[in-house]
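This is protein07.cif. It holds mmCIF, C-alpha atoms.
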data_start
loop_
_atom_site.label_atom_id
_atom_site.label_comp_id
_atom_site.auth_asym_id
_atom_site.auth_seq_id
_atom_site.Cartn_x
_atom_site.Cartn_y
_atom_site.Cartn_z
CA MET A 1 -58.97 11.81 4.16
CA ARG A 2 -55.18 12.20 4.18
CA ILE A 3 -53.68 15.70 4.04
CA LEU A 4 -50.01 16.55 3.49
CA ILE A 5 -48.97 19.83 5.15
CA ILE A 6 -45.82 21.39 3.67
CA ASP A 7 -44.34 24.25 5.72
CA ASP A 8 -40.82 24.95 6.95
CA HIS A 9 -41.99 26.10 10.41
CA PRO A 10 -42.77 23.31 12.93
CA LEU A 11 -45.19 25.46 14.94
CA ILE A 12 -47.16 26.36 11.81
CA ARG A 13 -47.44 22.70 10.83
CA TYR A 14 -48.54 21.76 14.34
CA GLY A 15 -51.05 24.62 14.50
CA LEU A 16 -52.57 23.78 11.13
CA GLN A 17 -52.95 20.14 12.04
CA ALA A 18 -54.48 20.86 15.44
CA SER A 19 -56.95 23.44 14.12
CA LEU A 20 -57.99 21.34 11.12
CA GLN A 21 -58.47 18.23 13.23
CA ALA A 22 -61.29 20.01 15.08
CA HIS A 23 -63.12 20.68 11.80
CA LEU A 24 -62.10 17.53 9.91
CA PRO A 25 -62.07 14.81 12.58
CA ALA A 26 -61.74 12.00 10.04
CA ALA A 27 -58.60 13.49 8.52
CA SER A 28 -55.09 12.12 9.00
CA PHE A 29 -51.98 14.20 8.40
CA ASP A 30 -48.46 13.94 7.06
CA GLU A 31 -45.97 16.78 7.52
CA ALA A 32 -43.01 17.94 5.44
CA GLU A 33 -40.60 20.72 6.34
CA SER A 34 -38.89 20.97 2.93
CA PRO A 35 -39.39 20.22 -0.76
CA GLU A 36 -37.18 17.16 -0.42
CA ALA A 37 -39.21 15.79 2.50
CA ALA A 38 -42.47 16.43 0.64
CA LEU A 39 -41.34 14.58 -2.47
CA ALA A 40 -40.06 11.70 -0.36
CA ILE A 41 -43.51 11.32 1.24
CA LEU A 42 -45.19 11.43 -2.16
CA ASN A 43 -42.93 8.70 -3.49
CA ARG A 44 -44.34 6.14 -1.06
CA PRO A 45 -47.98 5.07 -0.66
CA PRO A 46 -50.52 6.05 0.30
CA ARG A 47 -50.64 9.33 -1.56
CA PRO A 48 -52.41 12.24 0.17
CA ASP A 49 -55.90 13.22 -0.91
CA LEU A 50 -54.88 16.89 -0.74
CA ILE A 51 -51.66 18.87 -0.34
CA LEU A 52 -51.59 22.06 1.74
CA LEU A 53 -48.58 24.10 0.60
CA ASP A 54 -47.01 27.15 2.20
CA LEU A 55 -45.92 29.13 -0.85
CA ARG A 56 -42.85 30.67 0.80
CA LEU A 57 -40.67 27.67 1.51
CA PRO A 58 -38.65 29.69 2.46
CA THR A 59 -38.92 31.86 -0.66
CA LEU A 60 -41.63 32.36 -3.26
CA ALA A 61 -39.39 30.84 -5.94
CA ASP A 62 -38.90 27.69 -3.84
CA GLY A 63 -42.66 27.33 -3.31
CA LEU A 64 -43.50 27.76 -6.99
CA GLU A 65 -40.81 25.28 -8.03
CA LEU A 66 -42.16 22.75 -5.54
CA LEU A 67 -45.71 23.35 -6.80
CA VAL A 68 -44.62 22.42 -10.32
CA ASN A 69 -42.93 19.25 -9.03
CA LEU A 70 -45.94 18.31 -6.91
CA ARG A 71 -48.20 18.46 -9.93
CA LYS A 72 -45.84 16.12 -11.79
CA VAL A 73 -45.52 13.58 -8.96
CA ALA A 74 -49.00 13.69 -7.39
CA THR A 75 -51.23 14.36 -10.36
CA ARG A 76 -54.38 13.21 -8.54
CA SER A 77 -53.79 15.22 -5.35
CA PRO A 78 -55.13 18.79 -5.52
CA VAL A 79 -52.81 21.45 -4.10
CA LEU A 80 -54.24 24.20 -1.91
CA VAL A 81 -51.74 27.05 -1.53
CA LEU A 82 -51.35 29.13 1.63
CA ALA A 83 -49.80 32.61 1.54
CA GLY A 84 -49.47 35.47 3.97
CA GLU A 85 -49.59 38.45 1.61
CA PRO A 86 -51.53 37.49 -1.52
CA THR A 87 -51.11 39.57 -4.67
CA HIS A 88 -52.66 39.34 -8.12
CA ASP A 89 -49.35 38.13 -9.58
CA THR A 90 -48.95 35.46 -6.90
CA VAL A 91 -52.47 34.14 -7.40
CA ALA A 92 -51.97 34.06 -11.17
CA ALA A 93 -48.66 32.22 -10.76
CA VAL A 94 -50.08 29.44 -8.58
CA ARG A 95 -53.17 29.05 -10.77
CA ASP A 96 -51.05 28.83 -13.94
CA ASN A 97 -48.79 26.24 -12.31
CA GLY A 98 -51.59 23.84 -11.45
CA ALA A 99 -52.82 24.71 -7.94
CA SER A 100 -56.46 23.95 -7.22
CA GLY A 101 -56.87 26.83 -4.82
CA PHE A 102 -55.33 29.74 -2.96
CA ILE A 103 -56.17 30.81 0.57
CA SER A 104 -54.79 33.57 2.78
CA LYS A 105 -53.15 32.64 6.06
CA GLY A 106 -55.45 35.18 7.68
CA GLU A 107 -58.53 33.01 7.11
CA SER A 108 -60.08 31.11 10.03
CA PRO A 109 -59.56 27.35 10.53
CA GLY A 110 -63.21 26.80 9.65
CA ARG A 111 -62.81 28.60 6.34
CA LEU A 112 -59.64 26.64 5.63
CA ALA A 113 -61.47 23.36 6.30
CA GLN A 114 -64.25 24.44 3.93
CA ALA A 115 -61.67 25.33 1.27
CA ILE A 116 -60.08 21.89 1.61
CA GLN A 117 -63.44 20.17 1.14
CA THR A 118 -64.26 22.36 -1.86
CA CYS A 119 -60.90 21.57 -3.52
CA LEU A 120 -61.50 17.85 -2.97
CA GLN A 121 -64.97 18.04 -4.48
CA ARG A 122 -64.07 20.33 -7.40
CA PRO A 123 -60.29 20.06 -7.98
CA ASP A 124 -60.50 21.44 -11.52
CA GLU A 125 -62.11 24.72 -10.42
CA PHE A 126 -59.65 27.24 -9.03
CA LEU A 127 -60.71 28.31 -5.52
CA LEU A 128 -59.74 31.76 -4.23
CA ARG A 129 -60.17 32.63 -0.56
CA ALA A 130 -58.16 35.82 -0.13
CA ALA A 131 -58.72 39.56 -0.10
CA LEU A 132 -56.54 40.95 -2.87
CA PRO A 133 -55.35 44.55 -3.12
CA PRO A 134 -56.73 46.65 -6.00
CA ALA A 135 -55.40 45.52 -9.35
CA PRO A 136 -52.45 47.65 -10.47
CA THR A 137 -53.16 50.24 -13.11
CA ARG A 138 -51.66 49.23 -16.42
CA VAL A 139 -49.58 51.99 -17.97
CA ALA A 140 -50.26 52.34 -21.67
CA ALA A 141 -47.30 51.59 -23.90
CA PRO A 142 -45.78 54.67 -25.54
CA PRO A 143 -46.78 55.32 -29.15
CA ALA A 144 -44.30 54.60 -31.90
CA PRO A 145 -41.86 57.51 -32.19
CA SER A 146 -42.12 59.66 -35.30
CA LEU A 147 -38.90 58.68 -37.06
CA ILE A 148 -37.73 58.93 -40.63
CA PRO A 149 -36.66 55.59 -42.17
CA ARG A 150 -32.94 56.29 -41.59
CA LEU A 151 -33.51 56.81 -37.85
CA TRP A 152 -35.51 53.59 -37.65
CA GLN A 153 -32.56 51.81 -39.26
CA VAL A 154 -30.15 53.31 -36.74
CA PHE A 155 -32.55 52.51 -33.89
CA ALA A 156 -32.74 48.85 -34.92
CA GLN A 157 -28.96 48.49 -35.18
CA VAL A 158 -28.38 50.25 -31.85
CA ALA A 159 -30.84 47.80 -30.26
CA GLU A 160 -28.80 44.94 -31.73
CA GLY A 161 -25.83 46.21 -29.72
CA LYS A 162 -23.79 47.41 -32.67
CA PRO A 163 -21.26 50.22 -32.07
CA ASN A 164 -21.34 53.42 -34.10
CA LYS A 165 -18.40 52.29 -36.24
CA VAL A 166 -20.22 49.16 -37.40
CA ILE A 167 -23.50 51.03 -37.97
CA ALA A 168 -21.67 53.63 -40.07
CA ARG A 169 -20.06 50.95 -42.22
CA GLU A 170 -23.30 49.04 -42.77
CA LEU A 171 -25.28 52.19 -43.62
CA GLY A 172 -22.51 53.68 -45.76
CA VAL A 173 -22.20 56.88 -43.72
CA THR A 174 -19.59 58.42 -41.43
CA GLU A 175 -19.36 57.85 -37.70
CA GLY A 176 -20.11 61.54 -37.25
CA ALA A 177 -23.37 61.07 -39.13
CA VAL A 178 -24.29 58.13 -36.86
CA LYS A 179 -23.60 60.27 -33.77
CA ASN A 180 -25.86 62.95 -35.22
CA TYR A 181 -28.57 60.36 -35.89
CA MET A 182 -28.17 59.10 -32.32
CA THR A 183 -28.77 62.60 -30.93
CA LYS A 184 -31.92 62.94 -33.01
CA LEU A 185 -33.03 59.46 -31.97
CA LEU A 186 -32.73 60.27 -28.26
CA ASP A 187 -34.66 63.52 -28.76
CA ALA A 188 -37.44 61.75 -30.69
CA THR A 189 -37.85 58.86 -28.24
CA GLY A 190 -37.34 60.79 -25.01
CA ALA A 191 -34.60 58.40 -23.94
CA SER A 192 -31.80 59.99 -21.94
CA ASN A 193 -29.05 57.66 -23.13
CA ARG A 194 -28.27 54.74 -25.42
CA GLY A 195 -29.21 52.15 -22.78
CA GLU A 196 -32.66 53.65 -22.27
CA ALA A 197 -33.21 53.73 -26.02
CA ILE A 198 -32.33 50.04 -26.31
CA LYS A 199 -34.69 49.17 -23.44
CA LEU A 200 -37.49 51.18 -25.08
CA TYR A 201 -36.95 49.38 -28.38
CA ILE A 202 -36.93 45.88 -26.86
CA GLU A 203 -40.08 46.52 -24.79
CA ASN A 204 -42.13 47.96 -27.67
CA ILE A 205 -40.81 46.62 -30.96
CA GLU A 206 -43.55 43.98 -31.38
CA ARG A 207 -46.17 46.74 -31.47
CA TRP A 208 -44.03 49.21 -33.38
CA ARG A 209 -43.60 46.75 -36.25
CA ALA A 210 -47.11 47.72 -37.35
CA ASP A 211 -45.93 51.29 -38.00
CA PRO A 212 -45.63 51.82 -41.79
CA ARG A 213 -42.51 54.00 -41.35
CA TYR A 214 -40.80 51.15 -39.53
CA ARG A 215 -41.72 48.66 -42.26
CA GLU A 216 -40.49 51.06 -44.93
CA ALA A 217 -37.18 51.52 -43.11
CA MET A 218 -36.66 47.78 -42.71
CA ARG A 219 -37.41 47.16 -46.39
CA ALA A 220 -34.81 49.77 -47.32
CA ARG A 221 -32.32 48.19 -44.92
CA ASP A 222 -32.80 44.75 -46.47
#
Please re-express this file's structure in structure tokens.
Amino acid sequence: MRILIIDDHPLIRYGLQASLQAHLPAASFDEAESPEAALAILNRPPRPDLILLDLRLPTLADGLELLVNLRKVATRSPVLVLAGEPTHDTVAAVRDNGASGFISKGESPGRLAQAIQTCLQRPDEFLLRAALPPAPTRVAAPPAPSLIPRLWQVFAQVAEGKPNKVIARELGVTEGAVKNYMTKLLDATGASNRGEAIKLYIENIERWRADPRYREAMRARD
């Protein structure tokens, strides 16, 4: 069994190898301190049977990018990801990017050795060995604001980044009327300014399109 350990800290690499050797005496090890070193090892035979990847190398973005590249280069080598502070989002990210497992750095060497063997035996089943914090509570999206068709039209054009002068010309009204509509729009949506209103529109428009008042306003606009 050949294992590639990817970590940017020499002491961590040494400690992992020493502790795993006691539980996996038949294993041999390669070490890489960077994404470049890891890919260089993978580009020459023999390929590792398993890759042990520190996700923060040195940042989470670097680790995820390397994970994607590892799956392209070493398609037959399962990747077991190590992380110090696992979160639901981190676990989802490594699973979606092709890792075969995720294990916390707080686990014992024996548990890590077991996880390695499990990933080798069942590489297509995602293995999780980490205590995750409670899942975050999802905040319900706000309901569609109660707007007359004209306000929906103004709302849509504001979200497109158009200034009041352009909106007034396209709707055939005065700039003063657009300013008045904008005041009513902020009151109806609870937004404190134009930027907040635009953000609210962008985040919720896919769901708001089901509102009949919105559809009516867009038909009138067209």
When you count all atoms listed in the file, which of these residues is closest to Arg44 (chain A): A:Asn69, A:Ala74, A:Ala22, A:Val166?
A:Ala74
Find the residue from A:Ala38, A:Glu31, A:Ser19, A:Lys162 that sits nearest to Glu107 (chain A); use all atoms listed in the file when measuring.
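Closest candidate: A:Ser19.
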When you count all atoms listed in the file, which of these residues is closest to Glu33 (chain A): A:Lys165, A:Ile3, A:Leu82, A:Leu11?
A:Leu11
Within 10 Å of region 116-125 of chain A, which residues of region 38-57 of chain A show up? Give each one with its shortest atom-to-atom distance in Å (one decimal) and the two atoms involved, counting only C-alpha atoms, rows by chain then rising residue number, as a Markdown table.
| residue | atom | partner | partner_atom | distance |
| --- | --- | --- | --- | --- |
| A:Asp49 | CA | A:Leu120 | CA | 7.6 |
| A:Leu50 | CA | A:Leu120 | CA | 7.1 |
| A:Ile51 | CA | A:Ile116 | CA | 9.2 |
| A:Leu52 | CA | A:Ile116 | CA | 8.5 |
Selection dump of the PyMOL selection byres ((chain A and resi 13) around 12), as a ChimeraX atom specification:
/A:3-12,14-20,29-34,52-54,82
Taking all atoms listed in the file into account, name the residue in A:Ala27, A:Ala37, A:Leu57, A:Leu127 that is nearest to Leu80 (chain A).
A:Leu127
Evaluate the PyMOL selection byres ((chain A and resi 216) around 12) here and jot the selected residues down as a PyMOL selection string.
chain A and resi 147-153+209-215+217-222
How would the residues just chosen look if you wrote them out with C-alpha atoms as a compact mmCIF listing (two decimals), in the frame of the given file?
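For reference, again-v6.txt as written:
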# COMPACT_ATOMS: atom_id res chain seq x y z
CA LEU A 147 -38.90 58.68 -37.06
CA ILE A 148 -37.73 58.93 -40.63
CA PRO A 149 -36.66 55.59 -42.17
CA ARG A 150 -32.94 56.29 -41.59
CA LEU A 151 -33.51 56.81 -37.85
CA TRP A 152 -35.51 53.59 -37.65
CA GLN A 153 -32.56 51.81 -39.26
CA ARG A 209 -43.60 46.75 -36.25
CA ALA A 210 -47.11 47.72 -37.35
CA ASP A 211 -45.93 51.29 -38.00
CA PRO A 212 -45.63 51.82 -41.79
CA ARG A 213 -42.51 54.00 -41.35
CA TYR A 214 -40.80 51.15 -39.53
CA ARG A 215 -41.72 48.66 -42.26
CA ALA A 217 -37.18 51.52 -43.11
CA MET A 218 -36.66 47.78 -42.71
CA ARG A 219 -37.41 47.16 -46.39
CA ALA A 220 -34.81 49.77 -47.32
CA ARG A 221 -32.32 48.19 -44.92
CA ASP A 222 -32.80 44.75 -46.47
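Taking CA of Gly63 (chain A) and CA of Gly84 (chain A) as the two end points, the separation is 12.9 Å.
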Just give me the gap between CA of Arg71 (chain A) and CA of Asn97 (chain A) in Å, one decimal is fine.
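About the pair CA of Arg71 (chain A) and CA of Asn97 (chain A): they are 8.2 Å apart.
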Using the chain letters and numbers from the file, which residues does the PyMOL selection byres ((chain A and resi 177-180) around 12) grab, as a PyMOL selection string?
chain A and resi 150-151+153-155+157-158+162-176+181-187+194
